[in-house]
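Chemist: I am attaching a structure below and will ask some questions about it afterwards.
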Amino acid sequence: MNSQHLWRPYTQMKTARAPFEAVRTEGSRIHLADGRVLIDGVASWWTACHGYNHPHIREAVARQLEAMPHVMFGGFTHEPAETLAARLAKLTPGDLNHVFFSDSGSVAVEVAMKMAVQYWLNRGIAGRTKFLAFREGYHGDTLGAMSVCDPDESMHSHFAGWLPQQLFAHLPRDADSTAVLEAVLAEKAGTIAAVIVEPLIQGAGGMRFHTAEALATLARIAKAHDVLLIADEIFTGFGRTGAMFACDQAGVVPDIMCLSKALTGGTMSLAATLASDAVFEAFWSDDAAKALMHGPTFMANPLACAAANASLDLFEAEPRVEQARAMEAKLLQGLSACRGLRGVVDVRAKGAVGVVQLDQAPDREALKRAFVDRGVWIRPFGDIVYLAPALNIENADIARLCEAVVSVLKDPPAADPRP
């Protein structure tokens with residue numbers, strides 16, 4: 001194919017090898033143009049939670065396409081969005097009863113940040129414009145979202161000095177880090193609009209886990225200092241951690257929650273930012289200036305909402321969360337043979353996420369192509385090799401994915417000679 005006009009994600013276009021051409025997907029399989037078939041170990045960046053081309057989602061989208069592919073959400077409403085908002089409000093913890101739709105996870109974070117800052121302004125409280133985020137965290141690639149990613153270790157570090165300056169701490173994993181977090185909030189609460197966290201798993205920052213107890217501690221400290229809590233469940237939501245939402249495992253009810261990724265079952269882009277009653281009430285006013293002035297063009301796209309409603313049908317009808325919970329032991333068992341291999345420092349699993357931690361970043365391109373040679377799609381990043389497949393993937397496919405990881409790490413390929 002002629003792809004000279006495409007600018008691909010996270011890619012140095014001058015030196016990159018040609019990408020693999022996908023022509024069809026089904027279940028946990030990606031079919032390539034050259035006839036090879038790959039087991040997908042990362043569910044297309046963690047979106048295809050029911051596998052690809054699930055007939056129930058496909059049929060719902062086809063019906064919606066016949067009726068109304070899209071209509072602007074400014075001045076109109078429609079049943080798919082109304083239904084989806086009501087279902088999300090019922091499904092998420094606590095009183096997250098107010099749903100603002102957008103296009104992508106990064107934009108959902110941007111909306112959450114705007115909500116948090118304006119919440120204080122609408123209440124007549126000035127100066128609370130900073131965010132407290134966590135080391136090794138990642139929240140997206142847009143301007144505000146970049147500013148709350150790890151300032152030193154993330155891919156956005158070279159924008160330091162240009163991004164809004166935020167506050168950072170380590171997650172409260174022990175007494176010392178808890179004390180530091182307490183001290184930061186005690187000193188800076190008057191400047192902080194919200195704390196933002198990826199509950200239980202910091203995803204693109206390195207698939208780093210923390211306990212439900214750590215999350216509960218964080219929520220308690222934020223509440224004690226009257227600071228809003230934003231839960232970024234873009235990766236962790238919809239069963240990935242072994243609960244419908246990671247916050248459920250800690251009994252935490254955030255003030256704002258961000259959702260995307262698996263929201264439509266991997267069909268198309270859609271995101272949602274959910275706000276509590278208290279946050280929403282700060283915008284409820286006769287004063288037009290207190291409205292949330294944000295409105296993505298394809299907000300609440302009916303096709304995407306139809307897909308999301310169909311995905312939620314599957315969570316109700318099929319044991320997705322139980323499947324994710326059961327996958328943890330399978331991933332841990334399958335990847336355990338990596339322990340003791342040269343360069344491996346940790347093997348861990350939580351829900352439908354399995355991780356092999358390396359002592360240094362490998363040649364990702366060489367590893368990726370070695371995995372393809374073994375019939376699997378696994379995309380390492382940073383210093384980890386990880387699996388996050390469809391929640392309903394077959395046990396035999398889990399085994400094949402794990403075997404491929406063990407095999408490649410046992411005999412790593414030579415580094416790509418190109419720069």
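FYI, nothing fancy with the structure tokens labels: chains A, B, ... in order, residues from 1 per chain, ligands from 1 as they appear.
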Residues at most 6 Å from Pro296 (chain A), counting only C-alpha atoms, excluding those fewer than 2 positions away in the same chain, as a list in words?
Modeler: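 Selected residues are Ser102, Phe298 and Met299 of chain A.
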Chemist: Need to verify the contact set: Val227 (chain A), 9 Å, only C-alpha atoms, exclusion of same-chain residues closer than 6 positions in sequence. Can you return it as a ChimeraX atom specification?
Modeler: /A:185,189-190,192-195,221
Chemist: Go ahead and write the selection's residues with C-alpha atoms as a tab-separated table (two decimals), in the first residue's frame.
Modeler:
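After the write, out_21.tsv holds the following:
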chain	number	residue	atom	x	y	z
A	185	LEU	CA	-2.59	18.95	50.32
A	189	ALA	CA	-5.29	22.82	49.00
A	190	GLY	CA	-6.28	26.46	48.50
A	192	ILE	CA	-5.87	22.92	43.96
A	193	ALA	CA	-9.02	22.34	41.93
A	194	ALA	CA	-8.80	18.55	41.98
A	195	VAL	CA	-6.67	15.46	42.42
A	221	ILE	CA	-7.14	12.67	52.11
Chemist: Using only C-alpha atoms for the distances, tell me which of A:His139, A:Arg123, A:Lys350, A:Lys223 is nearest to Ala282 (chain A).
Modeler: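 Between A:His139, A:Arg123, A:Lys350, A:Lys223, the residue approaching Ala282 (chain A) most closely is A:Arg123.
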Chemist: From a DSSP pass on the backbone, collect the residues of region 117-353 of chain A flagged as alpha helix (DSSP H) and hand them back as JSON, numbers by chain.
Modeler: {"A": [117, 118, 119, 120, 121, 122, 143, 144, 145, 146, 147, 175, 176, 177, 178, 179, 180, 181, 182, 183, 184, 185, 186, 187, 188, 212, 213, 214, 215, 216, 217, 218, 219, 220, 221, 222, 223, 224, 246, 247, 248, 249, 250, 277, 278, 279, 280, 281, 302, 303, 304, 305, 306, 307, 308, 309, 310, 311, 312, 313, 314, 315, 316, 317, 320, 321, 322, 323, 324, 325, 326, 327, 328, 329, 330, 331, 332, 333, 334, 335]}
Chemist: Would you compute the distance between CA of Asp363 (chain A) and CA of Glu153 (chain A)? Give it in Å to one decimal.
Modeler: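 Spanning CA of Asp363 (chain A) to CA of Glu153 (chain A) is a straight-line distance of 17.9 Å.
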Chemist: What's around Ile378 (chain A) at 10 Å? Count only C-alpha atoms, leave out sequence neighbours fewer than 4 positions away in its own chain, and write the answer as a PDB file with N, CA and C atoms, in the first residue's frame.
Modeler:
ATOM      1  N   LEU A  38      -3.295 -12.923  13.461  1.00  0.00           N
ATOM      2  CA  LEU A  38      -2.675 -12.658  14.754  1.00  0.00           C
ATOM      3  C   LEU A  38      -3.710 -12.695  15.870  1.00  0.00           C
ATOM      4  N   ILE A  39      -3.355 -13.299  16.986  1.00  0.00           N
ATOM      5  CA  ILE A  39      -4.153 -13.183  18.195  1.00  0.00           C
ATOM      6  C   ILE A  39      -3.830 -11.837  18.831  1.00  0.00           C
ATOM      7  N   ASP A  40      -4.845 -11.022  19.059  1.00  0.00           N
ATOM      8  CA  ASP A  40      -4.617  -9.682  19.595  1.00  0.00           C
ATOM      9  C   ASP A  40      -4.490  -9.747  21.118  1.00  0.00           C
ATOM     10  N   GLY A  41      -3.309  -9.389  21.606  1.00  0.00           N
ATOM     11  CA  GLY A  41      -3.065  -9.421  23.045  1.00  0.00           C
ATOM     12  C   GLY A  41      -3.310  -8.116  23.753  1.00  0.00           C
ATOM     13  N   VAL A  42      -3.694  -7.055  23.004  1.00  0.00           N
ATOM     14  CA  VAL A  42      -3.891  -5.745  23.636  1.00  0.00           C
ATOM     15  C   VAL A  42      -5.236  -5.109  23.284  1.00  0.00           C
ATOM     16  N   ALA A  43      -6.117  -5.885  22.616  1.00  0.00           N
ATOM     17  CA  ALA A  43      -7.500  -5.454  22.355  1.00  0.00           C
ATOM     18  C   ALA A  43      -7.570  -4.055  21.738  1.00  0.00           C
ATOM     19  N   SER A  44      -6.686  -3.812  20.757  1.00  0.00           N
ATOM     20  CA  SER A  44      -6.651  -2.501  20.087  1.00  0.00           C
ATOM     21  C   SER A  44      -6.641  -1.364  21.089  1.00  0.00           C
ATOM     22  N   LEU A 367      11.085  -6.663  19.209  1.00  0.00           N
ATOM     23  CA  LEU A 367      10.192  -7.542  19.967  1.00  0.00           C
ATOM     24  C   LEU A 367       8.839  -7.669  19.274  1.00  0.00           C
ATOM     25  N   LYS A 368       8.291  -6.556  18.837  1.00  0.00           N
ATOM     26  CA  LYS A 368       6.975  -6.579  18.194  1.00  0.00           C
ATOM     27  C   LYS A 368       6.974  -7.518  16.992  1.00  0.00           C
ATOM     28  N   ARG A 369       8.027  -7.452  16.178  1.00  0.00           N
ATOM     29  CA  ARG A 369       8.085  -8.298  14.987  1.00  0.00           C
ATOM     30  C   ARG A 369       8.339  -9.760  15.355  1.00  0.00           C
ATOM     31  N   ALA A 370       9.050  -9.988  16.441  1.00  0.00           N
ATOM     32  CA  ALA A 370       9.226 -11.366  16.910  1.00  0.00           C
ATOM     33  C   ALA A 370       7.890 -11.950  17.364  1.00  0.00           C
ATOM     34  N   PHE A 371       7.064 -11.129  17.999  1.00  0.00           N
ATOM     35  CA  PHE A 371       5.737 -11.600  18.403  1.00  0.00           C
ATOM     36  C   PHE A 371       4.866 -11.901  17.187  1.00  0.00           C
ATOM     37  N   VAL A 372       4.922 -11.028  16.175  1.00  0.00           N
ATOM     38  CA  VAL A 372       4.142 -11.274  14.960  1.00  0.00           C
ATOM     39  C   VAL A 372       4.580 -12.582  14.307  1.00  0.00           C
ATOM     40  N   VAL A 385       6.548  -5.509  28.852  1.00  0.00           N
ATOM     41  CA  VAL A 385       5.774  -6.270  27.879  1.00  0.00           C
ATOM     42  C   VAL A 385       4.482  -6.633  28.600  1.00  0.00           C
ATOM     43  N   TYR A 386       3.346  -6.339  28.010  1.00  0.00           N
ATOM     44  CA  TYR A 386       2.096  -6.540  28.745  1.00  0.00           C
ATOM     45  C   TYR A 386       1.039  -7.171  27.851  1.00  0.00           C
ATOM     46  N   LEU A 387       0.041  -7.755  28.490  1.00  0.00           N
ATOM     47  CA  LEU A 387      -1.130  -8.296  27.827  1.00  0.00           C
ATOM     48  C   LEU A 387      -2.373  -7.659  28.438  1.00  0.00           C
ATOM     49  N   ALA A 388      -3.300  -7.245  27.583  1.00  0.00           N
ATOM     50  CA  ALA A 388      -4.602  -6.729  28.022  1.00  0.00           C
ATOM     51  C   ALA A 388      -5.614  -7.093  26.942  1.00  0.00           C
ATOM     52  N   PRO A 389      -5.907  -8.377  26.791  1.00  0.00           N
ATOM     53  CA  PRO A 389      -6.735  -8.828  25.676  1.00  0.00           C
ATOM     54  C   PRO A 389      -8.228  -8.602  25.912  1.00  0.00           C
ATOM     55  N   LEU A 401      -0.730 -16.485  23.943  1.00  0.00           N
ATOM     56  CA  LEU A 401      -0.141 -15.170  24.174  1.00  0.00           C
ATOM     57  C   LEU A 401       0.964 -15.244  25.212  1.00  0.00           C
ATOM     58  N   ALA A 404       4.033 -16.974  23.894  1.00  0.00           N
ATOM     59  CA  ALA A 404       4.805 -16.116  22.990  1.00  0.00           C
ATOM     60  C   ALA A 404       5.672 -15.149  23.787  1.00  0.00           C
ATOM     61  N   VAL A 405       5.126 -14.574  24.860  1.00  0.00           N
ATOM     62  CA  VAL A 405       5.914 -13.659  25.682  1.00  0.00           C
ATOM     63  C   VAL A 405       7.104 -14.382  26.284  1.00  0.00           C
TER      64      VAL A 405
END
Chemist: Can you work out which one of A:Ala219, A:Leu314, A:Leu143, A:Cys338 has the shortest atom-to-atom distance to Val253 (chain A), counting only C-alpha atoms?
Modeler: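 The closest residue to Val253 (chain A) is A:Ala219.
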Chemist: Which residues are close to Glu182 (chain A), i.e. within 12 Å by only C-alpha atoms, leaving aside same-chain residues fewer than 6 positions away? Reply as a list of chain:residue names.
Modeler: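 Contacts, in chain order: A:Leu132, A:Ala169, A:His170, A:Leu171, A:Pro172, A:Ala175, A:Asp176, A:Lys188, A:Ala189, A:Thr217, A:Leu218, A:Ala219, A:Arg220, A:Ile221, A:Ala222, A:Lys223, A:Ala224, A:His225, A:Val227.
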Chemist: Any idea what's packed within 9 Å of Ala366 (chain A), counting only C-alpha atoms, ignoring anything in its chain fewer than 6 positions away? Could you give it as a VMD selection string?
Modeler: chain A and resid 412 to 416
Chemist: Which value, in Å to one decimal, gives the distance between CA of Ala308 (chain A) and CA of Leu32 (chain A)?
Modeler: 27.0 Å
